[in-house]
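These notes concern the structure reproduced below.
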Amino acid sequence: MSSDASDTAAPPAGPPWIQPQIQQGIKWRDGDVVISVPAKSGTTWTMNIVHQLLSCGTADFADIYAEVPWIEFLGRPGQPHQEVLDRVEAMPATRRRAFKTHSAPPQVPYIPAGAGADVKYIVVFRNPEEALVSFRPFLAQHSDDWFDLWQMPRAAMCRPDFASFYRDVIDGHGMQGMLFGFLAAWWPLRHAGNVLFLHYSDMKARHEASIRKIAEFLGVKPAAEQWPAILEYTSFPWMKRHEEKFEARTVGAVPILNSGAMIRKGEAGEAEADGMTEEISRHLRERGGQICTDPAALDWYYAGGALL
């Protein structure tokens, strides 16, 4: 599959508002939680899960991004990286911090257990076909004000259908690496004591069991009477009804997203209905195998289940 998009605007290697190098300056603390997830693979859901567990279940928050900062994100052009680091450092030492990142090691520093601060890493993967078909409408829901703020034409990242989006934006600029390179970086660490590997499909199929598994990994023990609230507030129906809490409304100089962009339908196994074709599927798997050469890793990435 090749790109024939010479008459369309080309996307950048990565959006300028994502600056992974910021993370190298963070002063990590014991108890920190890093939520490391590729784009459109359950990031916001996992952020909320961790927040609900650390808070023992609460609806009293305005923006999940104020509770779980995105540590590689700039809210405006020219924002100093130090401003992001200062905000992270200013978070209260009286409670555990949790952070979002779309980076994998070494872009996000990995600290082995016993080698420094006691940091835990929750790493979530989603079938790459499902992630990509969700990525296209998500980019399209970025506001005109946000694109204008960064002086980026909408056509740089958006297409009207999935086939042209994959051809021009994903394959045309080698962006399969944001998924399969992420897998290749984390896969050797999948059994590390301070790393929890999760698959989106397994989390969807076993909601309560997954939440309890994350709680055990984090070492938090909510009381029995707190669990109903935690399970309700981490459900997709509750998050959809309160999607204003999940749309990053406090982190940009202008609104980043149009309403309804962050919490989509969240269904597993429906990539074909959203535009995935057999040809694109074969090409994506082939490119993925060139980036992450471990067949067992690829099989798990697509299907989930037990880790080898």
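Chain labels A, B, ... are given in the sequence in which chains occur in the structure tokens; within each chain residues are numbered consecutively from 1, and ligands are likewise numbered from 1 in the order shown.
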**Q.** DSSP alpha helix (DSSP H) residues within region 69-308 of chain A, listed as JSON, numbers by chain
**A.** {"A": [81, 82, 83, 84, 85, 86, 87, 88, 89, 128, 129, 130, 131, 132, 133, 134, 135, 136, 137, 138, 139, 140, 144, 145, 146, 147, 148, 149, 162, 163, 164, 177, 178, 179, 180, 181, 182, 183, 184, 185, 186, 200, 201, 202, 203, 204, 205, 207, 208, 209, 210, 211, 212, 213, 214, 215, 216, 217, 218, 227, 228, 229, 230, 231, 232, 233, 236, 237, 238, 239, 240, 241, 278, 279, 280, 281, 282, 283, 284, 285, 286, 287, 288, 289, 290, 291, 295, 296, 297, 298, 299, 300, 301, 302, 303]}
Include C-alpha atoms and write out the residues we just selected as a CSV table (one decimal), in the first residue's frame.
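The resulting file, again-v7.csv, is shown below:
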chain,number,residue,atom,x,y,z
A,81,HIS,CA,8.8,22.5,29.4
A,82,GLN,CA,9.8,23.7,32.9
A,83,GLU,CA,6.2,24.9,33.4
A,84,VAL,CA,5.0,21.4,33.0
A,85,LEU,CA,7.6,20.0,35.3
A,86,ASP,CA,6.9,22.7,37.9
A,87,ARG,CA,3.2,21.7,37.9
A,88,VAL,CA,4.1,18.1,38.4
A,89,GLU,CA,6.5,18.9,41.2
A,128,PRO,CA,-4.3,-2.1,16.7
A,129,GLU,CA,-7.0,-2.3,14.2
A,130,GLU,CA,-9.6,-1.1,16.7
A,131,ALA,CA,-7.2,1.6,17.9
A,132,LEU,CA,-6.6,3.0,14.4
A,133,VAL,CA,-10.3,3.1,13.4
A,134,SER,CA,-11.0,5.0,16.7
A,135,PHE,CA,-8.1,7.3,16.1
A,136,ARG,CA,-9.5,8.8,12.9
A,137,PRO,CA,-12.8,10.2,14.4
A,138,PHE,CA,-10.9,11.3,17.5
A,139,LEU,CA,-8.5,13.5,15.4
A,140,ALA,CA,-11.5,14.9,13.5
A,144,ASP,CA,-10.8,24.4,14.9
A,145,ASP,CA,-9.6,26.7,17.7
A,146,TRP,CA,-7.0,24.1,18.7
A,147,PHE,CA,-5.7,23.6,15.1
A,148,ASP,CA,-5.6,27.3,14.6
A,149,LEU,CA,-3.7,27.9,17.9
A,162,PHE,CA,-10.7,5.4,7.1
A,163,ALA,CA,-9.1,4.1,3.9
A,164,SER,CA,-7.7,7.5,3.0
A,177,GLY,CA,5.4,2.7,14.9
A,178,MET,CA,3.3,4.6,17.5
A,179,LEU,CA,1.5,1.3,18.1
A,180,PHE,CA,3.9,-1.5,17.3
A,181,GLY,CA,7.0,0.4,18.4
A,182,PHE,CA,5.2,0.9,21.7
A,183,LEU,CA,4.7,-2.9,21.9
A,184,ALA,CA,8.3,-3.7,21.1
A,185,ALA,CA,9.6,-1.3,23.8
A,186,TRP,CA,7.4,-2.6,26.6
A,200,TYR,CA,-8.4,-3.7,26.5
A,201,SER,CA,-10.5,-6.6,25.3
A,202,ASP,CA,-9.9,-8.5,28.6
A,203,MET,CA,-10.7,-5.3,30.6
A,204,LYS,CA,-14.0,-4.9,28.7
A,205,ALA,CA,-14.9,-8.5,29.1
A,207,HIS,CA,-14.6,-5.2,34.2
A,208,GLU,CA,-14.7,-5.9,37.9
A,209,ALA,CA,-12.0,-8.5,37.9
A,210,SER,CA,-9.7,-6.0,36.0
A,211,ILE,CA,-10.4,-3.2,38.4
A,212,ARG,CA,-9.6,-5.5,41.4
A,213,LYS,CA,-6.4,-6.7,39.6
A,214,ILE,CA,-5.3,-3.1,39.2
A,215,ALA,CA,-6.1,-2.4,42.9
A,216,GLU,CA,-4.0,-5.3,44.0
A,217,PHE,CA,-1.1,-4.2,41.8
A,218,LEU,CA,-1.2,-0.7,43.2
A,227,TRP,CA,-16.5,-0.9,45.7
A,228,PRO,CA,-20.0,-0.2,44.3
A,229,ALA,CA,-19.0,3.5,43.7
A,230,ILE,CA,-15.7,2.5,42.2
A,231,LEU,CA,-17.3,0.1,39.8
A,232,GLU,CA,-20.0,2.5,38.8
A,233,TYR,CA,-17.7,5.4,38.2
A,236,PHE,CA,-18.5,3.3,30.3
A,237,PRO,CA,-22.2,4.3,30.8
A,238,TRP,CA,-21.3,6.5,33.8
A,239,MET,CA,-18.3,8.0,31.9
A,240,LYS,CA,-20.4,8.7,28.9
A,241,ARG,CA,-23.1,10.5,31.0
A,278,GLU,CA,-8.9,-7.0,4.6
A,279,GLU,CA,-6.3,-5.2,2.6
A,280,ILE,CA,-5.5,-2.6,5.3
A,281,SER,CA,-5.6,-5.3,7.9
A,282,ARG,CA,-3.0,-7.4,6.1
A,283,HIS,CA,-0.8,-4.4,5.4
A,284,LEU,CA,-1.0,-3.3,9.1
A,285,ARG,CA,-0.1,-6.7,10.4
A,286,GLU,CA,2.8,-6.9,7.9
A,287,ARG,CA,4.2,-3.5,8.9
A,288,GLY,CA,3.7,-4.4,12.6
A,289,GLY,CA,5.7,-7.6,12.2
A,290,GLN,CA,8.6,-5.5,10.8
A,291,ILE,CA,8.5,-3.2,13.7
A,295,PRO,CA,5.3,-13.3,16.9
A,296,ALA,CA,4.1,-14.0,20.4
A,297,ALA,CA,3.9,-10.3,21.1
A,298,LEU,CA,2.0,-9.7,17.9
A,299,ASP,CA,-0.5,-12.5,18.6
A,300,TRP,CA,-1.1,-11.1,22.1
A,301,TYR,CA,-1.5,-7.6,20.8
A,302,TYR,CA,-4.3,-8.6,18.5
A,303,ALA,CA,-6.1,-11.0,20.8
(Q) Need to verify the contact set: region 47-51 of chain A, 7 Å, only C-alpha atoms, exclusion of same-chain residues closer than 5 positions in sequence. Can you return it as a ChimeraX atom specification? (A) /A:35,64,68,100,234
Only C-alpha atoms, please: the residues just picked out, written as a PDB file, in the first residue's frame.
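As written to disk, selection.pdb reads:
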ATOM      1  CA  ILE A  35      -0.282   4.988  32.872  1.00  0.00           C
ATOM      2  CA  ILE A  64      -9.558  13.820  34.931  1.00  0.00           C
ATOM      3  CA  VAL A  68      -3.938  12.604  36.300  1.00  0.00           C
ATOM      4  CA  LYS A 100      -0.730   9.743  31.596  1.00  0.00           C
ATOM      5  CA  THR A 234     -15.371   3.303  36.055  1.00  0.00           C
TER       6      THR A 234
END
Q | Using only C-alpha atoms: which of A:Leu198, A:Ile122, A:Ala113, A:Leu74 has the shortest distance to Gln21 (chain A) | A |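 Closest to Gln21 (chain A) of all the choices is A:Leu74.
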Q) Using the chain letters and numbers from this document, which residues of region 61-149 of chain A does DSSP assign to strand (DSSP E or B), as a list in words? A)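 Matching residues for strand (DSSP E or B) in region 61-149 of chain A are Trp70, Phe73, Ala98, Phe99, Lys100, Thr101, Lys120, Tyr121, Ile122, Val123, Val124, Phe125 and His142 of chain A.
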Could those residues be written to a file, using N, CA and C atoms, as an mmCIF file, in the first residue's frame?
data_model
loop_
_atom_site.group_PDB
_atom_site.id
_atom_site.type_symbol
_atom_site.label_atom_id
_atom_site.label_comp_id
_atom_site.auth_asym_id
_atom_site.auth_seq_id
_atom_site.Cartn_x
_atom_site.Cartn_y
_atom_site.Cartn_z
ATOM 1 N N TRP A 70 -1.115 14.804 32.006
ATOM 2 C CA TRP A 70 -0.444 14.252 30.826
ATOM 3 C C TRP A 70 0.948 14.870 30.784
ATOM 4 N N PHE A 73 2.608 16.843 27.431
ATOM 5 C CA PHE A 73 1.644 17.645 26.700
ATOM 6 C C PHE A 73 1.851 19.130 26.959
ATOM 7 N N ALA A 98 -0.527 10.121 39.864
ATOM 8 C CA ALA A 98 -0.679 9.262 38.690
ATOM 9 C C ALA A 98 -0.564 10.139 37.454
ATOM 10 N N PHE A 99 0.031 9.590 36.397
ATOM 11 C CA PHE A 99 0.308 10.353 35.191
ATOM 12 C C PHE A 99 -0.090 9.569 33.947
ATOM 13 N N LYS A 100 -0.471 10.318 32.916
ATOM 14 C CA LYS A 100 -0.730 9.743 31.596
ATOM 15 C C LYS A 100 0.459 9.976 30.685
ATOM 16 N N THR A 101 0.767 8.976 29.849
ATOM 17 C CA THR A 101 1.729 9.162 28.774
ATOM 18 C C THR A 101 1.370 8.237 27.619
ATOM 19 N N LYS A 120 5.248 2.539 39.786
ATOM 20 C CA LYS A 120 4.538 1.438 39.146
ATOM 21 C C LYS A 120 4.032 1.882 37.778
ATOM 22 N N TYR A 121 4.007 0.942 36.836
ATOM 23 C CA TYR A 121 3.647 1.224 35.456
ATOM 24 C C TYR A 121 2.482 0.331 35.043
ATOM 25 N N ILE A 122 1.390 0.960 34.637
ATOM 26 C CA ILE A 122 0.246 0.236 34.095
ATOM 27 C C ILE A 122 0.246 0.459 32.587
ATOM 28 N N VAL A 123 0.374 -0.631 31.836
ATOM 29 C CA VAL A 123 0.541 -0.560 30.386
ATOM 30 C C VAL A 123 -0.633 -1.296 29.740
ATOM 31 N N VAL A 124 -1.396 -0.567 28.945
ATOM 32 C CA VAL A 124 -2.600 -1.136 28.348
ATOM 33 C C VAL A 124 -2.464 -1.135 26.830
ATOM 34 N N PHE A 125 -2.875 -2.234 26.224
ATOM 35 C CA PHE A 125 -2.842 -2.375 24.772
ATOM 36 C C PHE A 125 -4.239 -2.699 24.260
ATOM 37 N N HIS A 142 -10.964 17.172 17.107
ATOM 38 C CA HIS A 142 -10.181 18.287 17.647
ATOM 39 C C HIS A 142 -10.785 19.594 17.108
#
Q: Could you jot down the CA of Ala59 (chain A) to CA of Val254 (chain A) separation for me, Å, one decimal place?
A: 24.9 Å
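Between CA of Ile26 (chain A) and CA of Val108 (chain A) there is a distance of 9.8 Å.
When only C-alpha atoms are used to measure the gap to Glu244 (chain A), the shortest distance among A:Leu196, A:Cys158, A:Ala306, A:Ala62 belongs to A:Ala62.
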(Q) Could you check the closest approach to Glu243 (chain A) for each of A:Ala156, A:Phe61, A:Ala39, A:Glu67 and tell me which residue wins, using only C-alpha atoms? (A)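 So, comparing all the options, the nearest one is A:Phe61.
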